[in-house]
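Accompanying notes for the structure given below.
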Amino acid sequence: MEIDKKIIKKLVEALDELKKSLKDKDLSQIENSNVTKIEEEISGTIIKSPIVGTAYLAPEPGAKKFVEVGKKIKKGDSVMIVEAMKTMNHVPSSSDGVVKKVCVEDGQPVEFGQNLVVLE
Amino acid sequence: MFKKILIANRGEIAVRVIRACKEWGISTVAVYSDVDKDSMHVRLADESICIGSHQPANSYLNIPSILSAIELTNAEAVHPGYGFLSENYNFAKILEENKIKFIGPSSKHIKMMGDKIQAKKIAKENGLPVIEGSESGVSNLSEAKEICKKISFPVLIKAAGGGGGKGMKIVHEQKQFDELFSLAKSEALKYFGNDEVYIEKFFQNPRHIEVQIMSGKNRTVHLHERDCSVQRRHQKLIEETPSPVLNDIIRKDLFEKTVNMVSKIGYEGAGTVEFIYQDEKFYFLEMNTRVQVEHPVTEMVTGIDIIKEQIWIAFTGDTALKQSDIAPRGHAIECRINAEDASKNFQPSPGTIGMCHQPSGFRTRVDSSIYQGYKVTPYYDSMICKVITQGRNRQEAIQRMQRSLDEFVIDGIATTIELHQKLLNHKKFLNSDFNVGWLDNEKII
């Protein structure tokens with residue numbers, strides 16, 4: 001009986017170790033993804049593309065861009081145009097804020113839901 | 001005959017031209033943008049060349065790229081289709097200088113008709129009725145007011161170098177005029193680099209009627225008219241021939257005057273002279289110096305292949321058609337199917353097509369470039385397909401169109417098929433009681 005207990009103890013220990021190593025891995029993975037998520041969340045309001053199309057930063061070629069990094073904008077201001085099938089769709093800002101980052105280049109194809117502008 | 005033709009276009013019209021070439025044993029070269037590499041026109045052509053990225057300016061409007069493709073493939077002629085470079089006189093001129101045949105009129109005629117003030121002047125000089133208004137560009141306010149007094153309100157202010165509705169202003173009353181005149185001028189300068197505008201009497205609710213022309217060095221013939229009065233924001237949705245509202249006396253007068261004008265200016269190729277029609281009078285609007293989207297309705301009733309006639313005129317200089325041979329039979333209708341959601345204010349609807357079943361059957365024609373699994377990209381026009389039906393009379397053509405649209409299945413994207421089904425059953429459409437303003441003033445879907 002005693003011998004049996006020892007074997008069981010050993011087995012349990014081995015199992016615990018295995019569990020621990022797995023947990024560490026899982027945890028580190030979860031932590032990693034948390035880090036990136038938190039980073040994005042911290043960076044502020046993200047304005048996403050409402051439609052698939054071509055992004056334009058200015059109302060027409062050569063004209064002044066709708067927004068630049070550091071510019072203060074109000075809710076409803078156009079941040080860019082996304083053209084789909086010859087229709088020009090103005091993308092309005094979802095809130096007041098200061099432009100922290102413009103995520104796309106002029107003339108770049110964008111997909112539905114792609115990040116366009118980050119505000120803070 | 002030409003041995004090889006390059007088609008400088010995409011979509012259904014590129015497919016349409018390739019089909020005509022194939023039937024005549026002419027080799028075809030397709031050009032395409034990177035996002036179009038799986039397109040039908042690329043698959044059907046004998047050779048294909050990628051000419052740039054998705055933006056039209058980098059590919060389908062990129063003249064140096066297209067010239068390189070011509071040189072690489074030794075194409076002898078270029079068919080421009082409609083849109084893109086089809087009415088670009090500079091492109092036609094470069095081809096002329098390089099001894100490559102542009103399948104269309106000379107660069108001189110494209111330029112002549114591209115300037116709207118000049119086109120109107122030429123039409124008037126050659127006996128076509130034109131819309132009352134200023135004879136040339138108007139630059140100062142007092143001169144503009146003088147014209148308005150003469151023609152009375154409402155008036156339309158248009159940019160001389162304009163098009164596409166930009167820089168166009170409707171003025172209903174005297175008191176709005178000063179403000180809108182200066183606004184039209186500044187917009188004209190902004191969009192077209194030229195603040196020249198002209199003033200015309202504004203027609204509230206006209207019909208849109210146009211005459212198809214084929215013209216060679218030997219003679220000019222007409223292929224009767226098309227009525228394109230079902231429009232939404234100046235975009236045609238349904239076209240038909242013959243027009244249900246013209247009588248034979250007016251029709252004869254319209255054809256005689258149009259043929260006379262086109263032959264007098266020495267035009268060569270296919271062309272369409274557009275008119276507005278109201279209170280039994282027609283007025284010259286503009287001339288399109290290319291093949292049009294709605295050309296199949298004319299083909300259905302006349303039995304003439306307009307694309308092949310274009311190629312023939314480009315090759316020989318003469319038209320093989322005689323007026324006495326042109327005898328349209330019955331009635332034809334075309335519905336343009338767009339990748340748009342009519343219930344959501346015609347929002348564009350790009351995406352991948354799932355199940356796709358196109359209608360067929362007696363006197364039903366589908367000109368399209370879509371297929372099961374094809375990805376409709378957001379980069380180009382939303383028109384993906386045209387359905388054309390012919391009948392012994394208007395009623396049968398409509399019944400056949402309803403039957404055809406009922407068969408049409410396009411899964412995965414929103415299309416205007418349902419809108420067309422509603423229009424074709426609408427009392428106003430059936431009674432031909434509509435004008436170009438109909439869909440802008442009445443909500444159908």
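For the structure tokens, the naming scheme is as follows: chains receive sequential letters (A, B, ...) according to their order of presentation, residues are indexed from 1 within each chain, and ligands are indexed from 1 in presentation order.
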
For the interface of chain B with chain A (cut-off 9 Å, counting only C-alpha atoms), please tabulate each contacting residue of chain B alongside its nearest pair of atoms and their separation in Å to one decimal, rows sorted by chain and increasing number, as a tab-separated table.
residue	atom	partner	partner_atom	distance
B:His54	CA	A:Pro109	CA	8.5
B:Gln55	CA	A:Gly107	CA	7.8
B:Ala339	CA	A:Met85	CA	8.9
B:Gln347	CA	A:Thr87	CA	8.5
B:Pro348	CA	A:Met85	CA	6.4
B:Ser349	CA	A:Ala84	CA	8.6
B:Pro350	CA	A:Val52	CA	7.6
B:Thr377	CA	A:Gly53	CA	8.0
B:Pro378	CA	A:Ala84	CA	4.7
B:Tyr379	CA	A:Met85	CA	5.4
B:Tyr380	CA	A:Met85	CA	4.8
B:Asp381	CA	A:Met85	CA	4.8
B:Ser382	CA	A:Met85	CA	5.3
B:Met383	CA	A:Met85	CA	8.9

May I ask for the distance between atom CA of B:Thr28 and atom CA of B:Tyr89, given in Å to one decimal place?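 Here the two named atoms are 23.2 Å from each other.
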
Find the residues near B:Ile103: any atom within 6 Å, counting only C-alpha atoms, skip ones fewer than 6 places away on the same chain, and give them as a list in words.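 Near B:Ile103, the qualifying residues are Val78, His79 and Ala314 of chain B.
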
Store the residues picked out above, limited to N, CA, C and O atoms, as a compact mmCIF listing (two decimals), in the first residue's frame.
# COMPACT_ATOMS: atom_id res chain seq x y z
N VAL B 78 -7.00 50.09 -81.69
CA VAL B 78 -7.44 50.13 -80.29
C VAL B 78 -8.93 50.43 -80.25
O VAL B 78 -9.39 51.40 -80.87
N HIS B 79 -9.67 49.59 -79.53
CA HIS B 79 -11.09 49.91 -79.29
C HIS B 79 -11.20 50.46 -77.87
O HIS B 79 -10.83 49.77 -76.92
N ALA B 314 -13.55 51.79 -89.20
CA ALA B 314 -12.16 52.12 -88.83
C ALA B 314 -11.19 51.53 -89.85
O ALA B 314 -10.17 52.13 -90.19

Contacts of B:Phe429 within 10 Å, only C-alpha atoms, excl. fewer than 5 positions in-chain, as a list in words: Val230, Ile398, Lys422, Leu423, Leu424, Phe434, Asn435 and Trp438 of chain B

Might you pull out every residue within 7 Å of stretch 407-415 of chain B, with only C-alpha atoms counted and same-chain residues fewer than 6 positions away left off, and present them as a PyMOL selection string? chain B and resi 337-341+349-359

Going by DSSP on the backbone, which bits of stretch 94-168 of chain B are helix (DSSP H, G or I)? Write them as a PyMOL selection string, please. chain B and resi 94-97+107-114+116-125+141-151

Atomic separation - atom CA of B:Thr389 relative to atom CA of B:Lys428, Å: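 Interatomic distance here is 19.7 Å.
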
Quick one: everything within 9 Å of B:Ala160, counting only C-alpha atoms, minus sequence neighbours fewer than 5 positions away in the same chain. Send it as a ChimeraX atom specification. /B:115-118,136-137,188,192,194-198

Grab the residues selected above and save them as a PDB file, in the first residue's frame with N, CA, C and O atoms.
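Just written: part_39.pdb:
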ATOM      1  N   ASP B 115     -16.080  70.060 -76.378  1.00  0.00           N
ATOM      2  CA  ASP B 115     -16.323  71.419 -75.892  1.00  0.00           C
ATOM      3  C   ASP B 115     -17.800  71.720 -76.098  1.00  0.00           C
ATOM      4  O   ASP B 115     -18.278  71.866 -77.213  1.00  0.00           O
ATOM      5  N   LYS B 116     -18.550  71.788 -74.970  1.00  0.00           N
ATOM      6  CA  LYS B 116     -20.012  71.835 -75.061  1.00  0.00           C
ATOM      7  C   LYS B 116     -20.537  73.100 -75.753  1.00  0.00           C
ATOM      8  O   LYS B 116     -21.558  73.057 -76.429  1.00  0.00           O
ATOM      9  N   ILE B 117     -19.844  74.234 -75.569  1.00  0.00           N
ATOM     10  CA  ILE B 117     -20.290  75.470 -76.217  1.00  0.00           C
ATOM     11  C   ILE B 117     -20.090  75.362 -77.725  1.00  0.00           C
ATOM     12  O   ILE B 117     -20.972  75.691 -78.513  1.00  0.00           O
ATOM     13  N   GLN B 118     -18.919  74.843 -78.104  1.00  0.00           N
ATOM     14  CA  GLN B 118     -18.621  74.693 -79.535  1.00  0.00           C
ATOM     15  C   GLN B 118     -19.568  73.686 -80.189  1.00  0.00           C
ATOM     16  O   GLN B 118     -20.057  73.909 -81.301  1.00  0.00           O
ATOM     17  N   SER B 136     -22.330  81.902 -76.397  1.00  0.00           N
ATOM     18  CA  SER B 136     -20.956  81.559 -76.022  1.00  0.00           C
ATOM     19  C   SER B 136     -20.809  81.730 -74.512  1.00  0.00           C
ATOM     20  O   SER B 136     -21.796  81.920 -73.809  1.00  0.00           O
ATOM     21  N   GLY B 137     -19.577  81.649 -74.040  1.00  0.00           N
ATOM     22  CA  GLY B 137     -19.350  81.789 -72.616  1.00  0.00           C
ATOM     23  C   GLY B 137     -19.779  83.165 -72.104  1.00  0.00           C
ATOM     24  O   GLY B 137     -19.689  84.156 -72.812  1.00  0.00           O
ATOM     25  N   ALA B 188     -16.587  75.971 -61.540  1.00  0.00           N
ATOM     26  CA  ALA B 188     -16.055  75.665 -62.872  1.00  0.00           C
ATOM     27  C   ALA B 188     -14.538  75.822 -62.879  1.00  0.00           C
ATOM     28  O   ALA B 188     -13.808  75.004 -63.431  1.00  0.00           O
ATOM     29  N   PHE B 192     -12.564  72.477 -63.488  1.00  0.00           N
ATOM     30  CA  PHE B 192     -12.150  72.366 -64.885  1.00  0.00           C
ATOM     31  C   PHE B 192     -11.062  73.368 -65.267  1.00  0.00           C
ATOM     32  O   PHE B 192     -10.662  73.458 -66.419  1.00  0.00           O
ATOM     33  N   ASN B 194     -11.198  76.503 -65.607  1.00  0.00           N
ATOM     34  CA  ASN B 194     -11.695  77.488 -66.558  1.00  0.00           C
ATOM     35  C   ASN B 194     -13.031  77.987 -66.021  1.00  0.00           C
ATOM     36  O   ASN B 194     -13.958  77.206 -65.832  1.00  0.00           O
ATOM     37  N   ASP B 195     -13.125  79.293 -65.744  1.00  0.00           N
ATOM     38  CA  ASP B 195     -14.361  79.767 -65.101  1.00  0.00           C
ATOM     39  C   ASP B 195     -15.438  80.168 -66.108  1.00  0.00           C
ATOM     40  O   ASP B 195     -16.440  80.784 -65.747  1.00  0.00           O
ATOM     41  N   GLU B 196     -15.247  79.762 -67.365  1.00  0.00           N
ATOM     42  CA  GLU B 196     -16.242  80.093 -68.376  1.00  0.00           C
ATOM     43  C   GLU B 196     -17.527  79.275 -68.150  1.00  0.00           C
ATOM     44  O   GLU B 196     -17.479  78.061 -68.001  1.00  0.00           O
ATOM     45  N   VAL B 197     -18.644  79.955 -68.111  1.00  0.00           N
ATOM     46  CA  VAL B 197     -19.935  79.273 -67.965  1.00  0.00           C
ATOM     47  C   VAL B 197     -20.873  79.757 -69.064  1.00  0.00           C
ATOM     48  O   VAL B 197     -20.632  80.779 -69.694  1.00  0.00           O
ATOM     49  N   TYR B 198     -21.924  78.992 -69.315  1.00  0.00           N
ATOM     50  CA  TYR B 198     -22.950  79.446 -70.241  1.00  0.00           C
ATOM     51  C   TYR B 198     -24.328  79.194 -69.648  1.00  0.00           C
ATOM     52  O   TYR B 198     -24.469  78.423 -68.690  1.00  0.00           O
TER      53      TYR B 198
END

Contact residues around stretch 299-304 of chain B with only C-alpha atoms at 10 Å, ignoring same-chain residues under 5 positions, as JSON, numbers by chain: {"B": [223, 224, 241, 242, 294, 309, 321, 325, 326, 327, 328, 329, 330, 331, 332, 333, 363, 364, 365, 388, 389, 390, 391, 392]}

Output file for the residues above (N, CA, C and O atoms, as an mmCIF file, in the first residue's frame):
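Output saved as result-v5.cif:
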data_model
loop_
_atom_site.group_PDB
_atom_site.id
_atom_site.type_symbol
_atom_site.label_atom_id
_atom_site.label_comp_id
_atom_site.auth_asym_id
_atom_site.auth_seq_id
_atom_site.Cartn_x
_atom_site.Cartn_y
_atom_site.Cartn_z
ATOM 1 N N LEU B 223 -29.565 54.778 -87.189
ATOM 2 C CA LEU B 223 -30.155 53.500 -86.777
ATOM 3 C C LEU B 223 -31.321 53.754 -85.821
ATOM 4 O O LEU B 223 -31.481 53.083 -84.810
ATOM 5 N N HIS B 224 -32.081 54.785 -86.151
ATOM 6 C CA HIS B 224 -33.268 55.163 -85.375
ATOM 7 C C HIS B 224 -32.905 55.637 -83.960
ATOM 8 O O HIS B 224 -31.732 55.823 -83.658
ATOM 9 N N THR B 241 -36.220 51.203 -77.403
ATOM 10 C CA THR B 241 -36.430 51.700 -78.757
ATOM 11 C C THR B 241 -37.569 50.909 -79.388
ATOM 12 O O THR B 241 -37.662 49.714 -79.141
ATOM 13 N N PRO B 242 -38.458 51.485 -80.171
ATOM 14 C CA PRO B 242 -38.557 52.926 -80.417
ATOM 15 C C PRO B 242 -39.097 53.675 -79.197
ATOM 16 O O PRO B 242 -39.578 53.059 -78.262
ATOM 17 N N GLU B 294 -26.106 51.637 -74.020
ATOM 18 C CA GLU B 294 -27.417 51.117 -74.428
ATOM 19 C C GLU B 294 -27.482 50.716 -75.901
ATOM 20 O O GLU B 294 -28.566 50.516 -76.435
ATOM 21 N N GLU B 309 -19.593 47.111 -87.093
ATOM 22 C CA GLU B 309 -19.660 48.242 -88.028
ATOM 23 C C GLU B 309 -18.612 49.299 -87.680
ATOM 24 O O GLU B 309 -18.027 49.916 -88.559
ATOM 25 N N LEU B 321 -23.250 50.136 -94.396
ATOM 26 C CA LEU B 321 -24.700 50.213 -94.210
ATOM 27 C C LEU B 321 -25.335 51.175 -95.208
ATOM 28 O O LEU B 321 -24.752 52.214 -95.548
ATOM 29 N N ASP B 325 -31.501 49.677 -96.029
ATOM 30 C CA ASP B 325 -31.413 48.334 -95.414
ATOM 31 C C ASP B 325 -31.816 48.344 -93.944
ATOM 32 O O ASP B 325 -31.904 47.286 -93.316
ATOM 33 N N ILE B 326 -31.972 49.518 -93.404
ATOM 34 C CA ILE B 326 -32.203 49.591 -91.960
ATOM 35 C C ILE B 326 -33.687 49.678 -91.673
ATOM 36 O O ILE B 326 -34.337 50.695 -91.908
ATOM 37 N N ALA B 327 -34.226 48.554 -91.208
ATOM 38 C CA ALA B 327 -35.669 48.469 -90.954
ATOM 39 C C ALA B 327 -35.895 47.805 -89.609
ATOM 40 O O ALA B 327 -35.924 46.584 -89.513
ATOM 41 N N PRO B 328 -36.000 48.611 -88.543
ATOM 42 C CA PRO B 328 -36.156 48.017 -87.214
ATOM 43 C C PRO B 328 -37.459 47.225 -87.097
ATOM 44 O O PRO B 328 -38.474 47.599 -87.693
ATOM 45 N N ARG B 329 -37.385 46.152 -86.336
ATOM 46 C CA ARG B 329 -38.576 45.306 -86.110
ATOM 47 C C ARG B 329 -38.860 45.205 -84.627
ATOM 48 O O ARG B 329 -37.975 44.870 -83.847
ATOM 49 N N GLY B 330 -40.082 45.473 -84.244
ATOM 50 C CA GLY B 330 -40.505 45.281 -82.863
ATOM 51 C C GLY B 330 -39.945 46.328 -81.909
ATOM 52 O O GLY B 330 -39.621 47.455 -82.313
ATOM 53 N N HIS B 331 -39.826 45.927 -80.658
ATOM 54 C CA HIS B 331 -39.465 46.842 -79.580
ATOM 55 C C HIS B 331 -38.395 46.170 -78.715
ATOM 56 O O HIS B 331 -38.454 44.959 -78.510
ATOM 57 N N ALA B 332 -37.422 46.925 -78.250
ATOM 58 C CA ALA B 332 -36.401 46.349 -77.370
ATOM 59 C C ALA B 332 -36.210 47.222 -76.136
ATOM 60 O O ALA B 332 -36.348 48.447 -76.201
ATOM 61 N N ILE B 333 -35.891 46.568 -75.025
ATOM 62 C CA ILE B 333 -35.687 47.251 -73.736
ATOM 63 C C ILE B 333 -34.400 46.755 -73.114
ATOM 64 O O ILE B 333 -34.051 45.574 -73.260
ATOM 65 N N ARG B 363 -35.158 35.629 -77.563
ATOM 66 C CA ARG B 363 -34.967 37.095 -77.619
ATOM 67 C C ARG B 363 -34.610 37.741 -76.282
ATOM 68 O O ARG B 363 -35.063 38.846 -75.970
ATOM 69 N N THR B 364 -33.857 37.015 -75.490
ATOM 70 C CA THR B 364 -33.292 37.590 -74.268
ATOM 71 C C THR B 364 -31.783 37.603 -74.428
ATOM 72 O O THR B 364 -31.199 36.613 -74.849
ATOM 73 N N ARG B 365 -31.169 38.728 -74.131
ATOM 74 C CA ARG B 365 -29.720 38.852 -74.269
ATOM 75 C C ARG B 365 -29.165 39.397 -72.964
ATOM 76 O O ARG B 365 -29.741 40.310 -72.378
ATOM 77 N N ILE B 388 -31.176 42.625 -71.964
ATOM 78 C CA ILE B 388 -31.877 43.227 -73.094
ATOM 79 C C ILE B 388 -32.903 42.215 -73.621
ATOM 80 O O ILE B 388 -32.567 41.045 -73.818
ATOM 81 N N THR B 389 -34.123 42.686 -73.816
ATOM 82 C CA THR B 389 -35.128 41.788 -74.397
ATOM 83 C C THR B 389 -35.812 42.478 -75.570
ATOM 84 O O THR B 389 -35.892 43.713 -75.624
ATOM 85 N N GLN B 390 -36.276 41.662 -76.502
ATOM 86 C CA GLN B 390 -37.011 42.197 -77.636
ATOM 87 C C GLN B 390 -38.364 41.521 -77.723
ATOM 88 O O GLN B 390 -38.507 40.347 -77.339
ATOM 89 N N GLY B 391 -39.365 42.261 -78.195
ATOM 90 C CA GLY B 391 -40.686 41.691 -78.409
ATOM 91 C C GLY B 391 -41.288 42.269 -79.670
ATOM 92 O O GLY B 391 -40.745 43.216 -80.240
ATOM 93 N N ARG B 392 -42.414 41.702 -80.089
ATOM 94 C CA ARG B 392 -43.074 42.238 -81.293
ATOM 95 C C ARG B 392 -43.532 43.675 -81.051
ATOM 96 O O ARG B 392 -43.613 44.490 -81.955
#

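The gap separating atom CA of B:Ser27 from atom CA of B:Gln372 is 26.6 Å, in Å to one decimal.
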
If you run DSSP on the backbone, which residues of stretch 313-407 of chain B are strand (DSSP E), as an mmCIF file with C-alpha atoms, in the first residue's frame?
data_model
loop_
_atom_site.group_PDB
_atom_site.id
_atom_site.type_symbol
_atom_site.label_atom_id
_atom_site.label_comp_id
_atom_site.auth_asym_id
_atom_site.auth_seq_id
_atom_site.Cartn_x
_atom_site.Cartn_y
_atom_site.Cartn_z
ATOM 1 C CA HIS B 331 -39.465 46.842 -79.580
ATOM 2 C CA ALA B 332 -36.401 46.349 -77.370
ATOM 3 C CA ILE B 333 -35.687 47.251 -73.736
ATOM 4 C CA GLU B 334 -32.504 47.258 -71.696
ATOM 5 C CA CYS B 335 -32.207 47.191 -67.898
ATOM 6 C CA ARG B 336 -28.870 48.130 -66.368
ATOM 7 C CA ILE B 337 -28.083 45.940 -63.371
ATOM 8 C CA ASN B 338 -25.937 47.779 -60.829
ATOM 9 C CA GLU B 340 -26.166 48.884 -55.533
ATOM 10 C CA ASP B 341 -28.666 48.570 -52.739
ATOM 11 C CA GLN B 347 -25.325 52.425 -51.601
ATOM 12 C CA PRO B 348 -22.603 50.634 -53.607
ATOM 13 C CA GLY B 351 -18.406 41.794 -52.763
ATOM 14 C CA THR B 352 -18.037 38.250 -53.994
ATOM 15 C CA CYS B 356 -25.035 33.274 -60.324
ATOM 16 C CA HIS B 357 -27.656 32.245 -62.843
ATOM 17 C CA THR B 364 -33.292 37.590 -74.268
ATOM 18 C CA ARG B 365 -29.720 38.852 -74.269
ATOM 19 C CA VAL B 366 -27.400 39.323 -71.307
ATOM 20 C CA ASP B 367 -24.240 41.414 -71.733
ATOM 21 C CA SER B 368 -22.212 40.867 -68.609
ATOM 22 C CA LYS B 375 -15.323 39.506 -56.901
ATOM 23 C CA VAL B 376 -16.985 42.846 -57.642
ATOM 24 C CA MET B 383 -22.875 48.559 -63.490
ATOM 25 C CA ILE B 384 -22.105 44.858 -63.658
ATOM 26 C CA CYS B 385 -24.514 43.625 -66.287
ATOM 27 C CA LYS B 386 -27.226 44.510 -68.814
ATOM 28 C CA VAL B 387 -30.338 42.536 -69.700
ATOM 29 C CA ILE B 388 -31.877 43.227 -73.094
ATOM 30 C CA THR B 389 -35.128 41.788 -74.397
ATOM 31 C CA GLN B 390 -37.011 42.197 -77.636
ATOM 32 C CA GLY B 391 -40.686 41.691 -78.409
#

A:Glu17, A:Asp77, A:Glu120, A:Asp106: which is nearest A:Leu57, counting only C-alpha atoms? A:Asp106

Please determine, counting only C-alpha atoms, which residue among B:Ile18, B:Val31, B:Val171, B:Ile110 has the shortest atom-to-atom distance to B:Lys158.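 Checking each of B:Ile18, B:Val31, B:Val171, B:Ile110 against B:Lys158, counting only C-alpha atoms, the winner is B:Val171.
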
Which residue is closest to B:Gln231? Choose from B:Glu12, B:Glu442, B:Glu125, B:Glu47 and count only C-alpha atoms. B:Glu442

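Proximity of A:Ala55, A:Val104, A:Lys65, A:Lys10 to A:Val117, computed with only C-alpha atoms, is greatest for A:Val104.
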